[in-house]
Every structure is written in structure tokens, then in C-alpha cells.
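> I'd like to ask you about the structure that follows.
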2 protein chains.
Amino acid sequence: MVVSIIGLGLIGGSMAIDLKRRHFADTVLGVEKEAVNAAAAVKIGLVDEIVSLDEAVQRGDIIVVAVPVGSAVKLLPQILDLFSHLGTKGKIVIDTCSTKAEIVRSVHYHPMRGCYVATHPMAGTEYSGPWAAMPNLFDGRACIFANSDESDPRAVKTIERLYNVLNMRPIFMNAEQHDVHTAYVSHISHLTSFALALTVLEKEKDEKHIFDLASGGFSSTVRLAKSNADMWVPILSQNRDNILQVIDTYISKMGEFRDAIADYDEEKIRSLIEDANHIKKILA
Amino acid sequence: MVVSIIGLGLIGGSMAIDLKRRHFADTVLGVEKEAVNAAAAVKIGLVDEIVSLDEAVQRGDIIVVAVPVGSAVKLLPQILDLFSHLGTKGKIVIDTCSTKAEIVRSVHYHPMRGCYVATHPMAGTEYSGPWAAMPNLFDGRACIFANSDESDPRAVKTIERLYNVLNMRPIFMNAEQHDVHTAYVSHISHLTSFALALTVLEKEKDEKHIFDLASGGFSSTVRLAKSNADMWVPILSQNRDNILQVIDTYISKMGEFRDAIADYDEEKIRSLIEDANHIKKILA
């Protein structure tokens, strides 16, 4: 099996590592438009060869689109066009993007739609680039299959095998549902971290030593603020409507804290904290 | 040296462990009003004996007040009164509370003020109780000494030795400055986590499986939402004015994101994220 990976960042690179060493892929081809990243990916040994997009599609049995969702939305129809043009049967393209509604919509009427399987492996760190790639990144995490009824059942089966090799749990849902869920359990976390970083960095202008006191709790809540703009701008923009709704709920919850603190209402503060503590039931 | 620790939670309990096994304390006495916690602390072996407050003050060379700041503010003057009453020289009382201005103010005019050293060891986890106590909790972290010019220099020296044994870096500042800094690098992080937990828990009422998708990033940003109300209600309430200011900045930063997303203003979203990324310079 030849797997072609377009975009050798954290996700593409980590997939390359495990698909190769777990013998799912005999050959891994890489497509990477940033020259430095491409050279690094070869040097680190993530891929067997760096090739052009055309060659990747021509030689690959499975094409993995692991670029930011803004680029993926443009790339996916091109790849399906190449599938038509090549006339070969059995090739599959998947994407790994964090928003699903827009990308699925973009090829809904494409004659080769069946060859595309929309997935979102829910794994990552706050780092990016081929140097952030690591073995075992996906182990034990969930992988969403979105609108899989629009894909050929055989293609879905093959991709289930691929994610099984990565030790991921498949979860099937429609793309809209996916985007609502990720707005709540992933996208808003990034926004709260970004806003926290901005708040403290602004204060640091006057108080140079403020970070001397930063504790483990601060690092943990702010760590996602290191996340890459290339990845996050299109996610926040494509998932706009869901995200706006979550932000509004979030700001209103923060406002309840604000009002309770302003009013010296300790009973209310206590009840808000105790409600928030229910998160213990869910997170180990 | 006999160290008496009032409040055998995460901080008091962890101090007991390291002060004993690193031979700073020959004997550790504990005062704990919750019977279950007291029994657990003895069973775990955190302290040599559970005693009354009076006995702890009478027998202890150093008294550590490690209870939530609301109780500490009431307890500290009582302990200094007992010092006067006992007429013994050389006893020292310290507190470990996360807000400093109010507690320092509460004994500013006490005749025994010099025997009190106000400290804040900046270490912790989201867990509480004697079962959360652990060795090495304080290693490598900062410990604030607040308004130490109001304490007897000899008392300060002794307490510096104590925190040196715990491998903490001492930082000296005034209590007001401390409370501003911790509002930014600790208290707001807890509020952002509490608000995030409330936001997602509210959605969970309709979407039972929303947490199936929670990734490492979500867990990291929300973990402080497990923190205990007994500890956090008085902190948020005592540090009211600083916290309100931080919340307002924070909500306005979140509002900037909201507006940029609502306006499809990708340039602005990018610039906010890239500004937030400067946190990389500060956090490893």
C-alpha cells in the first residue's frame, strides 16, 4: 500500500511515522509546499520521498490531506478531479481537518464523492511542523467519520482499517453535529487560552516580573495559546456560527462570576464553582 | 524543631511530608477540624499527632496556617493573641494563603506582628484534602514573602530556611503587588476553567455524548475547574478588586475574538492569535 500525505505537519507527520512502522504503508510519499519543512521531513525520515501533488495522487492508494482546513477545502476537489482524470479505480482520499461541514459540502455533488472519506482524528498538541510529529500520537483517541454514508462502503472499511492501525476509536456522526461538538470541546478551549494569554501579556507591559509567579495551573490553562494561526484562523472562520454561540454562552458564564464577585455574593460564587466541579464526573 | 500545621490539606499535608523527611522538623503536629481528614492524615502518616489549636501553638516552634484564607484571617490574630498570652519568645506563625493584602492588614497593629511571616508557596494541584498531599510538591517553585519588613528579621531568616528545605525560590514583594500578580497568573486561570466547565456542562444536558470528543487540549484547559469551593470562594472574594479588573480585560479580549469571527475578519483573527503566541517566549 502506498500512502501519500499532503502536509507534513504534526498530524500528517505523526501519521506517516505510525503507518510505516506498523506496516500499514509500504511506502509513504509526502507533499509539502514549505521547502524547509519538506527538507526536515526527509531528514527526520518521516517519508520515503517528497513528490509533487500530481505524482502523490498518481502513485498513492490512499491520499491523506493534512493541511489547514482553508487549503484543504480548495485541494480536495482538485484531487477528486485528478481521480476522474486518471480513471483509476479504488483510490481513496481522506482529510484530517478539525471542521467538517464546509469541506463535506464542497464536494457533495462531485462525481467522485464516493472516493472521499471525511475524518477527524482527535489528537494533537500545541506544536506544529514536521519536528512536532511523534509516534503514538493517536493511540487511544477518538476519530470522527463524518457523513460516511456519502462514501463508498469499501472506502470506509479501508479507512477504518487505517485508523485501527493508529489505535483510534471510530465515532460516526454527521458533519454539522461534529462541528457543534468540536466547538464545545476543542475550539472554545483554544479561544479561552488565546484570550488568557492576551490578558496577561498586556499586563506584562507594565509588570515585567508577572510571569515569575506563574504556576502549573496557569501553564496548563494557557498552553493552547501557543497554537498556530495558519491552522486556527480557518477553523474559527469555518465554524463561525457554532463558535459564536459557544463564545456567547462562555462570556455569559464569566459574567455570572463577575457579577457574583462584584456583589460580594459568596453563596453565588460557591454555587457556580460547585456546578463547575461536576466536570470531575467526566474527566478523570 | 516542632512544626505545627493547621489544616492538613494539599498544602499543609505536603509540607508535613517534606519538612519531616528532610529533617527540618523533628515533630510535626497537626490541627484539623474535619474528623475524617484528621483520621486520614494520621493513617497516611502525615503528622505525628493530631492536637488542639491551643496545644499546637503551645508546643510548636513554628505554626503553619494552611487553611482557606477566609478562616486564616480569623485564626491568625487568635494565634498571635496566644503568643502574647504564653509569653514565650521566638515562636513564629506563617500562613500559606493565596491572597495576602487582607490577611496582612488584619494583624498590622497586633503587638506580636513581628512573629508573623506572610508567605505564599506557589504550588498546588486541582486536588484537595490530606489524600492529595504529596512529596516534592514545592520543589523548584516560587514562594512569595509579603511585607516581610513588618516581620522580625530573625523570624524571616528561619522561614527562609524552611522554604529552602522545600526547595523553593523566595520572592519578596508587598502584599498588594502580590494580589495583583496572582490575579493575573493564577486566579483568572481558575475562572476561565470554571466558566469553560459550566459552558460545556450546560451543552451536555442536550448532547449527552459531547465529552466523547474531548481531547487533551480540553482536559488541560478545564482541569482547574475541579478546584475546591472552600478554597476559592474566599480567594475570589478577598481579591475582588484585582480580579474584577482582570475579568474585564479578559472579557474584552474574548470580545475582540468574537467580533473578528462574527465579521469574517480573518486578518484580525490572525493578528490576535499571533499576539497570543508571544506566550511562547515566556512559557517553555
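Ordered as shown in the C-alpha cells, chains take letters A, B, and onward, while each chain numbers its residues from 1 and ligands are numbered from 1 in the order shown.
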Compile the residues of chain B that lie within 7 Å of chain A, evaluated using only C-alpha atoms, and express the compilation as number ranges by chain.
B: 122-123, 142, 181, 184-186, 189, 192, 194-200, 210, 213-215, 217-218, 220-221, 224-227, 229, 233, 236-237, 240, 244, 247, 249-251, 253-254, 258, 261-262, 264, 266, 269-270, 273-277, 279-280
> If you run DSSP on the backbone, which residues of stretch 54-218 of chain A are strand (DSSP E), as a list of chain:residue names?
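For stretch 54-218 of chain A, the strand (DSSP E) set is A:Ile62, A:Ile63, A:Val64, A:Val65, A:Ile92, A:Val93, A:Ile94, A:Asp95, A:Tyr116, A:Val117, A:Ala118, A:Thr119, A:His120, A:Pro121, A:Ala142, A:Cys143, A:Ile144, A:Phe145, A:Ala146, A:Arg169, A:Pro170, A:Ile171, A:Phe172, A:Met173.
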> Please write the residues from the selection above to a file, keeping N, CA and C atoms, as a compact mmCIF listing (two decimals), in the first residue's frame.

# COMPACT_ATOMS: atom_id res chain seq x y z
N ILE A 62 -3.88 5.61 -1.03
CA ILE A 62 -4.65 6.48 -0.13
C ILE A 62 -3.95 7.84 -0.09
N ILE A 63 -4.74 8.90 -0.29
CA ILE A 63 -4.19 10.25 -0.21
C ILE A 63 -4.74 10.88 1.07
N VAL A 64 -3.85 11.35 1.92
CA VAL A 64 -4.27 11.98 3.17
C VAL A 64 -4.04 13.49 3.06
N VAL A 65 -5.12 14.25 3.17
CA VAL A 65 -4.99 15.71 3.12
C VAL A 65 -4.90 16.20 4.57
N ILE A 92 -8.46 6.30 -2.71
CA ILE A 92 -9.26 6.94 -1.67
C ILE A 92 -8.55 8.20 -1.21
N VAL A 93 -9.32 9.26 -0.96
CA VAL A 93 -8.73 10.45 -0.34
C VAL A 93 -9.46 10.70 0.99
N ILE A 94 -8.68 11.05 1.99
CA ILE A 94 -9.28 11.43 3.28
C ILE A 94 -8.72 12.80 3.69
N ASP A 95 -9.43 13.48 4.55
CA ASP A 95 -8.84 14.67 5.15
C ASP A 95 -8.85 14.47 6.67
N TYR A 116 -14.07 9.73 -1.32
CA TYR A 116 -13.60 10.61 -0.24
C TYR A 116 -14.21 10.18 1.09
N VAL A 117 -13.39 10.04 2.09
CA VAL A 117 -13.86 9.74 3.44
C VAL A 117 -13.42 10.89 4.35
N ALA A 118 -14.41 11.56 4.93
CA ALA A 118 -14.13 12.73 5.79
C ALA A 118 -13.86 12.25 7.21
N THR A 119 -12.66 12.55 7.71
CA THR A 119 -12.33 12.09 9.07
C THR A 119 -11.71 13.22 9.89
N HIS A 120 -11.76 13.05 11.17
CA HIS A 120 -11.10 13.99 12.07
C HIS A 120 -10.49 13.21 13.23
N PRO A 121 -9.22 12.87 13.09
CA PRO A 121 -8.55 12.21 14.21
C PRO A 121 -8.33 13.22 15.33
N ALA A 142 -10.18 9.35 19.92
CA ALA A 142 -11.34 9.16 19.04
C ALA A 142 -11.04 9.68 17.63
N CYS A 143 -11.56 9.00 16.64
CA CYS A 143 -11.52 9.54 15.27
C CYS A 143 -12.95 9.64 14.74
N ILE A 144 -13.33 10.85 14.35
CA ILE A 144 -14.67 11.05 13.80
C ILE A 144 -14.67 10.71 12.32
N PHE A 145 -15.69 9.96 11.90
CA PHE A 145 -16.01 9.77 10.49
C PHE A 145 -17.27 10.60 10.24
N ALA A 146 -17.18 11.59 9.35
CA ALA A 146 -18.33 12.48 9.13
C ALA A 146 -19.02 12.13 7.82
N ARG A 169 -10.37 5.01 18.18
CA ARG A 169 -11.78 4.59 18.27
C ARG A 169 -12.57 5.34 17.23
N PRO A 170 -13.24 4.66 16.29
CA PRO A 170 -14.06 5.40 15.32
C PRO A 170 -15.40 5.83 15.93
N ILE A 171 -15.81 7.06 15.61
CA ILE A 171 -17.14 7.54 16.01
C ILE A 171 -17.77 8.12 14.75
N PHE A 172 -19.00 7.70 14.46
CA PHE A 172 -19.67 8.15 13.24
C PHE A 172 -20.70 9.22 13.58
N MET A 173 -20.67 10.32 12.85
CA MET A 173 -21.69 11.35 13.06
C MET A 173 -21.77 12.23 11.82
> Would you mind writing down, as a PyMOL selection string, each residue of stretch 67-155 of chain A that DSSP on the backbone assigns to helix (DSSP H, G or I)?
chain A and resi 69-86+101-106+113-115+130-132+148-150+153-155
> Considering only C-alpha atoms, give me a table of residues in stretch 150-263 of chain A that are at most 10 Å from stretch 24-42 of chain A, with the closest atom pair and distance in Å for each, as a Markdown table.

| residue | atom | partner | partner_atom | distance |
| --- | --- | --- | --- | --- |
| A:Arg161 | CA | A:Phe24 | CA | 8.8 |
| A:Leu162 | CA | A:Phe24 | CA | 7.1 |
| A:Val165 | CA | A:Phe24 | CA | 7.1 |
| A:Leu166 | CA | A:Phe24 | CA | 9.5 |
> Could you check which of B:Val67, B:Leu137, B:Ala175, B:Trp131 is closest to B:His108, using only C-alpha atoms?
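Counting only C-alpha atoms, the residue closest to B:His108 is B:Ala175.
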> Would you list the contacts of A:Leu80 as a PyMOL selection string, taking every protein, DNA or RNA residue within 12 Å and counting only C-alpha atoms, but skipping same-chain residues closer than 4 positions in sequence?
chain A and resi 54+57-58+63+65+73-76+84-89+91-94+106-117
> Please dump the current selection as an mmCIF file, in the first residue's frame; keep C-alpha atoms.

data_model
loop_
_atom_site.group_PDB
_atom_site.id
_atom_site.type_symbol
_atom_site.label_atom_id
_atom_site.label_comp_id
_atom_site.auth_asym_id
_atom_site.auth_seq_id
_atom_site.Cartn_x
_atom_site.Cartn_y
_atom_site.Cartn_z
ATOM 1 C CA ASP A 54 0.174 15.072 -9.176
ATOM 2 C CA VAL A 57 -2.167 11.289 -6.367
ATOM 3 C CA GLN A 58 -0.941 9.118 -9.226
ATOM 4 C CA ILE A 63 -4.191 10.253 -0.210
ATOM 5 C CA VAL A 65 -4.995 15.705 3.123
ATOM 6 C CA VAL A 73 -11.276 22.898 1.013
ATOM 7 C CA LYS A 74 -9.530 24.021 -2.179
ATOM 8 C CA LEU A 75 -7.345 20.937 -2.532
ATOM 9 C CA LEU A 76 -9.939 18.223 -2.090
ATOM 10 C CA SER A 84 -11.625 11.293 -12.546
ATOM 11 C CA HIS A 85 -8.885 12.236 -14.929
ATOM 12 C CA LEU A 86 -6.662 9.264 -14.057
ATOM 13 C CA GLY A 87 -9.636 6.969 -14.463
ATOM 14 C CA THR A 88 -8.137 4.558 -11.938
ATOM 15 C CA LYS A 89 -10.442 2.757 -9.568
ATOM 16 C CA LYS A 91 -8.081 5.278 -4.855
ATOM 17 C CA ILE A 92 -9.262 6.943 -1.668
ATOM 18 C CA VAL A 93 -8.734 10.452 -0.343
ATOM 19 C CA ILE A 94 -9.277 11.433 3.278
ATOM 20 C CA SER A 106 -17.535 21.475 -1.023
ATOM 21 C CA VAL A 107 -17.560 18.069 -2.785
ATOM 22 C CA HIS A 108 -21.103 16.965 -2.088
ATOM 23 C CA TYR A 109 -22.006 16.882 -5.788
ATOM 24 C CA HIS A 110 -18.621 15.766 -7.085
ATOM 25 C CA PRO A 111 -18.966 12.658 -9.285
ATOM 26 C CA MET A 112 -16.078 11.034 -7.367
ATOM 27 C CA ARG A 113 -17.566 11.875 -3.923
ATOM 28 C CA GLY A 114 -17.637 8.179 -3.003
ATOM 29 C CA CYS A 115 -13.812 8.019 -3.014
ATOM 30 C CA TYR A 116 -13.599 10.609 -0.239
ATOM 31 C CA VAL A 117 -13.859 9.738 3.435
#
> Residues at most 10 Å from B:Gly90, counting only C-alpha atoms, excluding those fewer than 6 positions away in the same chain, as number ranges by chain?
B: 61-62, 83, 115, 152, 154-155
